file protein.cif (mmCIF, N, CA and C atoms)
data_data
loop_
_atom_site.label_atom_id
_atom_site.label_comp_id
_atom_site.auth_asym_id
_atom_site.auth_seq_id
_atom_site.Cartn_x
_atom_site.Cartn_y
_atom_site.Cartn_z
N ASN A 1 190.26 -91.63 283.17
CA ASN A 1 190.18 -92.96 282.61
C ASN A 1 191.10 -93.89 283.36
N HIS A 2 190.75 -95.14 283.36
CA HIS A 2 191.43 -96.14 284.18
C HIS A 2 192.94 -96.21 283.92
N HIS A 3 193.32 -96.25 282.67
CA HIS A 3 194.75 -96.39 282.34
C HIS A 3 195.55 -95.17 282.77
N TYR A 4 194.96 -94.00 282.64
CA TYR A 4 195.63 -92.77 283.09
C TYR A 4 195.85 -92.80 284.60
N ILE A 5 194.82 -93.19 285.34
CA ILE A 5 194.94 -93.23 286.80
C ILE A 5 196.03 -94.20 287.23
N LYS A 6 196.07 -95.37 286.61
CA LYS A 6 197.10 -96.36 286.94
C LYS A 6 198.50 -95.81 286.64
N ARG A 7 198.66 -95.25 285.45
CA ARG A 7 199.97 -94.70 285.06
C ARG A 7 200.39 -93.56 285.98
N ARG A 8 199.43 -92.68 286.31
CA ARG A 8 199.74 -91.54 287.17
C ARG A 8 200.11 -92.01 288.58
N GLY A 9 199.44 -93.03 289.08
CA GLY A 9 199.78 -93.58 290.38
C GLY A 9 201.19 -94.13 290.41
N GLU A 10 201.57 -94.80 289.35
CA GLU A 10 202.94 -95.34 289.25
C GLU A 10 203.96 -94.20 289.20
N GLU A 11 203.65 -93.16 288.44
CA GLU A 11 204.57 -92.01 288.33
C GLU A 11 204.75 -91.31 289.67
N LEU A 12 203.64 -91.06 290.36
CA LEU A 12 203.72 -90.38 291.66
C LEU A 12 204.45 -91.21 292.70
N ALA A 13 204.21 -92.51 292.69
CA ALA A 13 204.91 -93.39 293.63
C ALA A 13 206.41 -93.33 293.38
N ALA A 14 206.82 -93.42 292.13
CA ALA A 14 208.24 -93.37 291.80
C ALA A 14 208.84 -92.01 292.20
N GLU A 15 208.10 -90.96 291.94
CA GLU A 15 208.57 -89.60 292.24
C GLU A 15 208.77 -89.37 293.73
N HIS A 16 207.94 -90.01 294.56
CA HIS A 16 207.99 -89.80 296.00
C HIS A 16 208.58 -90.97 296.77
N GLY A 17 209.16 -91.93 296.05
CA GLY A 17 209.80 -93.07 296.70
C GLY A 17 208.82 -93.99 297.41
N LEU A 18 207.63 -94.12 296.86
CA LEU A 18 206.59 -94.96 297.47
C LEU A 18 206.35 -96.19 296.62
N ILE A 19 205.64 -97.12 297.18
CA ILE A 19 205.24 -98.31 296.44
C ILE A 19 203.79 -98.11 296.01
N PHE A 20 203.53 -98.30 294.74
CA PHE A 20 202.17 -98.19 294.22
C PHE A 20 201.61 -99.60 294.11
N VAL A 21 200.52 -99.86 294.82
CA VAL A 21 199.88 -101.16 294.79
C VAL A 21 198.65 -101.04 293.89
N TYR A 22 198.66 -101.78 292.81
CA TYR A 22 197.58 -101.70 291.83
C TYR A 22 196.63 -102.88 291.96
N GLU A 23 195.36 -102.59 291.90
CA GLU A 23 194.35 -103.63 291.89
C GLU A 23 193.22 -103.17 290.98
N ASP A 24 192.85 -104.00 290.05
CA ASP A 24 191.77 -103.69 289.12
C ASP A 24 190.48 -104.28 289.68
N PHE A 25 189.63 -103.43 290.23
CA PHE A 25 188.39 -103.90 290.85
C PHE A 25 187.25 -104.02 289.85
N ARG A 26 187.49 -103.65 288.60
CA ARG A 26 186.42 -103.70 287.61
C ARG A 26 185.91 -105.12 287.40
N ARG A 27 186.76 -106.11 287.57
CA ARG A 27 186.35 -107.50 287.37
C ARG A 27 185.28 -107.93 288.35
N GLY A 28 185.23 -107.31 289.52
CA GLY A 28 184.25 -107.68 290.54
C GLY A 28 182.88 -107.04 290.36
N TRP A 29 182.74 -106.17 289.38
CA TRP A 29 181.47 -105.49 289.16
C TRP A 29 180.32 -106.46 288.96
N GLN A 30 180.51 -107.41 288.07
CA GLN A 30 179.43 -108.33 287.73
C GLN A 30 178.97 -109.09 288.98
N GLU A 31 179.92 -109.62 289.71
CA GLU A 31 179.59 -110.37 290.92
C GLU A 31 178.92 -109.47 291.96
N GLY A 32 179.42 -108.26 292.09
CA GLY A 32 178.83 -107.32 293.04
C GLY A 32 177.39 -106.97 292.70
N ILE A 33 177.11 -106.82 291.42
CA ILE A 33 175.74 -106.52 290.99
C ILE A 33 174.82 -107.71 291.30
N GLU A 34 175.29 -108.90 290.99
CA GLU A 34 174.48 -110.09 291.27
C GLU A 34 174.21 -110.23 292.77
N GLN A 35 175.22 -109.97 293.59
CA GLN A 35 175.05 -110.07 295.04
C GLN A 35 174.08 -109.02 295.55
N ALA A 36 174.20 -107.79 295.05
CA ALA A 36 173.31 -106.71 295.48
C ALA A 36 171.86 -107.03 295.12
N LEU A 37 171.65 -107.52 293.92
CA LEU A 37 170.29 -107.89 293.51
C LEU A 37 169.75 -109.03 294.38
N ALA A 38 170.59 -110.03 294.64
CA ALA A 38 170.16 -111.17 295.45
C ALA A 38 169.81 -110.72 296.87
N LEU A 39 170.63 -109.85 297.45
CA LEU A 39 170.35 -109.35 298.81
C LEU A 39 169.03 -108.60 298.88
N ALA A 40 168.68 -107.94 297.78
CA ALA A 40 167.42 -107.19 297.72
C ALA A 40 166.26 -108.08 297.31
N GLY A 41 166.54 -109.35 297.01
CA GLY A 41 165.50 -110.26 296.57
C GLY A 41 165.00 -109.96 295.17
N LEU A 42 165.87 -109.43 294.33
CA LEU A 42 165.50 -109.03 292.98
C LEU A 42 166.32 -109.77 291.95
N ASP A 43 165.86 -109.74 290.72
CA ASP A 43 166.69 -110.22 289.62
C ASP A 43 166.86 -109.10 288.61
N GLN A 44 167.60 -109.37 287.56
CA GLN A 44 167.95 -108.33 286.59
C GLN A 44 166.73 -107.65 285.99
N SER A 45 165.61 -108.36 285.87
CA SER A 45 164.41 -107.78 285.26
C SER A 45 163.85 -106.62 286.09
N ALA A 46 164.26 -106.51 287.35
CA ALA A 46 163.78 -105.43 288.21
C ALA A 46 164.54 -104.13 287.98
N VAL A 47 165.63 -104.18 287.23
CA VAL A 47 166.46 -103.00 287.00
C VAL A 47 165.94 -102.24 285.79
N ALA A 48 165.63 -100.96 285.99
CA ALA A 48 165.09 -100.13 284.91
C ALA A 48 166.20 -99.48 284.10
N GLY A 49 167.42 -99.44 284.63
CA GLY A 49 168.53 -98.82 283.92
C GLY A 49 169.67 -98.57 284.87
N ALA A 50 170.72 -97.97 284.35
CA ALA A 50 171.90 -97.63 285.15
C ALA A 50 172.16 -96.14 285.01
N ALA A 51 172.74 -95.55 286.04
CA ALA A 51 173.02 -94.12 286.02
C ALA A 51 174.37 -93.84 286.66
N SER A 52 174.99 -92.76 286.21
CA SER A 52 176.28 -92.36 286.76
C SER A 52 176.47 -90.87 286.52
N ILE A 53 177.54 -90.34 287.04
CA ILE A 53 177.89 -88.94 286.82
C ILE A 53 178.36 -88.77 285.37
N ASP A 54 178.09 -87.62 284.81
CA ASP A 54 178.39 -87.39 283.40
C ASP A 54 179.88 -87.47 283.08
N ARG A 55 180.73 -87.30 284.06
CA ARG A 55 182.18 -87.39 283.82
C ARG A 55 182.61 -88.81 283.45
N LYS A 56 181.74 -89.78 283.68
CA LYS A 56 182.07 -91.17 283.38
C LYS A 56 181.38 -91.65 282.11
N ASN A 57 180.92 -90.75 281.28
CA ASN A 57 180.14 -91.14 280.11
C ASN A 57 180.93 -91.86 279.03
N ASP A 58 182.24 -91.93 279.19
CA ASP A 58 183.04 -92.69 278.23
C ASP A 58 183.80 -93.83 278.90
N GLU A 59 183.44 -94.15 280.13
CA GLU A 59 184.12 -95.21 280.88
C GLU A 59 183.68 -96.57 280.35
N ALA A 60 184.63 -97.32 279.87
CA ALA A 60 184.35 -98.58 279.19
C ALA A 60 183.57 -99.56 280.06
N ALA A 61 183.91 -99.67 281.32
CA ALA A 61 183.24 -100.65 282.19
C ALA A 61 181.75 -100.34 282.34
N ILE A 62 181.40 -99.07 282.47
CA ILE A 62 180.00 -98.68 282.60
C ILE A 62 179.25 -98.93 281.30
N LEU A 63 179.86 -98.54 280.19
CA LEU A 63 179.23 -98.75 278.89
C LEU A 63 179.04 -100.24 278.62
N GLN A 64 180.05 -101.04 278.96
CA GLN A 64 179.98 -102.48 278.74
C GLN A 64 178.89 -103.10 279.62
N LEU A 65 178.84 -102.71 280.88
CA LEU A 65 177.84 -103.23 281.79
C LEU A 65 176.43 -102.98 281.26
N ALA A 66 176.15 -101.75 280.86
CA ALA A 66 174.82 -101.42 280.35
C ALA A 66 174.51 -102.19 279.07
N ALA A 67 175.49 -102.30 278.20
CA ALA A 67 175.27 -103.01 276.93
C ALA A 67 175.01 -104.49 277.16
N GLU A 68 175.82 -105.12 278.01
CA GLU A 68 175.68 -106.56 278.27
C GLU A 68 174.34 -106.90 278.90
N ARG A 69 173.82 -106.00 279.72
CA ARG A 69 172.58 -106.27 280.43
C ARG A 69 171.37 -105.62 279.75
N ALA A 70 171.62 -104.95 278.63
CA ALA A 70 170.56 -104.26 277.88
C ALA A 70 169.83 -103.25 278.76
N TRP A 71 170.58 -102.55 279.62
CA TRP A 71 170.02 -101.52 280.47
C TRP A 71 170.19 -100.16 279.81
N PRO A 72 169.17 -99.32 279.83
CA PRO A 72 169.38 -97.94 279.39
C PRO A 72 170.38 -97.28 280.34
N LEU A 73 171.16 -96.38 279.82
CA LEU A 73 172.21 -95.74 280.62
C LEU A 73 171.97 -94.24 280.65
N TYR A 74 171.96 -93.69 281.85
CA TYR A 74 171.69 -92.27 282.04
C TYR A 74 172.87 -91.62 282.75
N PHE A 75 173.21 -90.41 282.34
CA PHE A 75 174.29 -89.66 282.97
C PHE A 75 173.74 -88.33 283.49
N PHE A 76 174.22 -87.94 284.66
CA PHE A 76 173.75 -86.72 285.29
C PHE A 76 174.94 -85.87 285.74
N THR A 77 174.73 -84.56 285.80
CA THR A 77 175.78 -83.66 286.27
C THR A 77 175.91 -83.78 287.78
N ALA A 78 177.01 -83.28 288.31
CA ALA A 78 177.22 -83.28 289.76
C ALA A 78 176.12 -82.47 290.44
N ARG A 79 175.72 -81.38 289.83
CA ARG A 79 174.65 -80.55 290.40
C ARG A 79 173.34 -81.34 290.48
N GLN A 80 173.02 -82.07 289.43
CA GLN A 80 171.80 -82.87 289.45
C GLN A 80 171.87 -83.96 290.53
N LEU A 81 173.01 -84.62 290.63
CA LEU A 81 173.15 -85.70 291.62
C LEU A 81 173.11 -85.17 293.04
N ALA A 82 173.58 -83.96 293.26
CA ALA A 82 173.57 -83.37 294.60
C ALA A 82 172.14 -83.15 295.10
N GLN A 83 171.19 -83.10 294.19
CA GLN A 83 169.78 -82.89 294.56
C GLN A 83 169.05 -84.19 294.93
N VAL A 84 169.70 -85.33 294.71
CA VAL A 84 169.06 -86.62 294.99
C VAL A 84 169.14 -86.91 296.48
N PRO A 85 167.99 -87.15 297.12
CA PRO A 85 168.02 -87.46 298.55
C PRO A 85 168.71 -88.80 298.79
N VAL A 86 169.47 -88.87 299.86
CA VAL A 86 170.19 -90.09 300.22
C VAL A 86 169.53 -90.68 301.46
N LEU A 87 169.13 -91.94 301.35
CA LEU A 87 168.53 -92.63 302.49
C LEU A 87 169.62 -93.09 303.43
N GLN A 88 169.41 -92.87 304.71
CA GLN A 88 170.38 -93.32 305.71
C GLN A 88 169.68 -94.24 306.69
N GLU A 89 170.37 -95.28 307.08
CA GLU A 89 169.79 -96.25 308.03
C GLU A 89 169.99 -95.78 309.44
#
call {"tool": "encode", "arguments": {"input": "protein.cif", "output": "structure tokens"}}
result
Amino acid sequence: NHHYIKRRGEELAAEHGLIFVYEDFRRGWQEGIEQALALAGLDQSAVAGAASIDRKNDEAAILQLAAERAWPLYFFTARQLAQVPVLQE
């Protein structure tokens, strides 16, 4: 979860005498989605749903995104995702 990762990063940095630089990139999700759709020449109505790995099934940002856009949300195991072909340019 996001707060755990931030706290753990701060702890490790302090433990090892490092500087932990924190940036919350979740705020850019909405803009990134809009840009990706625009680059593809699509709008929100072209999206059939959202999907992620099952380990993120309680991540607030993903749940919020799907709820705000009324997208069905699907979660898959790592094994299932490993079977998905990846297109390369």
call {"tool": "closest_atom_pairs", "arguments": {"input": "protein.cif", "of": "range 34-62 of chain A", "to": "range 7-30 of chain A", "cutoff": "12 Å", "atoms": "only C-alpha atoms", "output": "tab-separated table"}}
result
residue	atom	partner	partner_atom	distance
A:Glu34	CA	A:Gln30	CA	6.3
A:Gln35	CA	A:Gln30	CA	8.7
A:Ala36	CA	A:Gln30	CA	10.0
A:Leu37	CA	A:Gln30	CA	10.8
A:Gln44	CA	A:Gln30	CA	11.5
A:Glu59	CA	A:Arg26	CA	11.1
A:Ala60	CA	A:Arg26	CA	10.1
A:Ala61	CA	A:Arg26	CA	7.0
A:Ile62	CA	A:Arg26	CA	9.6
call {"tool": "closest_residue", "arguments": {"input": "protein.cif", "among": "A:Asp58, A:His2, A:Gln88, A:Ala50", "to": "Leu73 in chain A", "atoms": "all atoms listed in the file"}}
result
A:Ala50
call {"tool": "atom_distance", "arguments": {"input": "protein.cif", "atom1": "atom C of Glu31 in chain A", "atom2": "atom C of Tyr74 in chain A"}}
result
21.0 Å
call {"tool": "atom_distance", "arguments": {"input": "protein.cif", "atom1": "CA of Ala78 in chain A", "atom2": "CA of Asp54 in chain A"}}
result
7.7 Å
call {"tool": "atom_distance", "arguments": {"input": "protein.cif", "atom1": "atom N of Gln64 in chain A", "atom2": "atom C of Ala51 in chain A"}}
result
12.0 Å
call {"tool": "select_by_dssp", "arguments": {"input": "protein.cif", "residues": "chain A", "states": "helix (DSSP H, G or I)", "output": "ChimeraX atom specification"}}
result
/A:2-16,25-39,44-46,54-56,60-69,78-82
call {"tool": "residues_around", "arguments": {"input": "protein.cif", "residues": "Ala70 in chain A", "least_positions_apart": "4", "cutoff": "9 Å", "atoms": "only C-alpha atoms", "output": "MDAnalysis selection string"}}
result
chainID A and resid 49 65:66
call {"tool": "select_by_dssp", "arguments": {"input": "protein.cif", "residues": "range 4-58 of chain A", "states": "strand (DSSP E or B)", "output": "PyMOL selection string"}}
result
chain A and resi 50-53
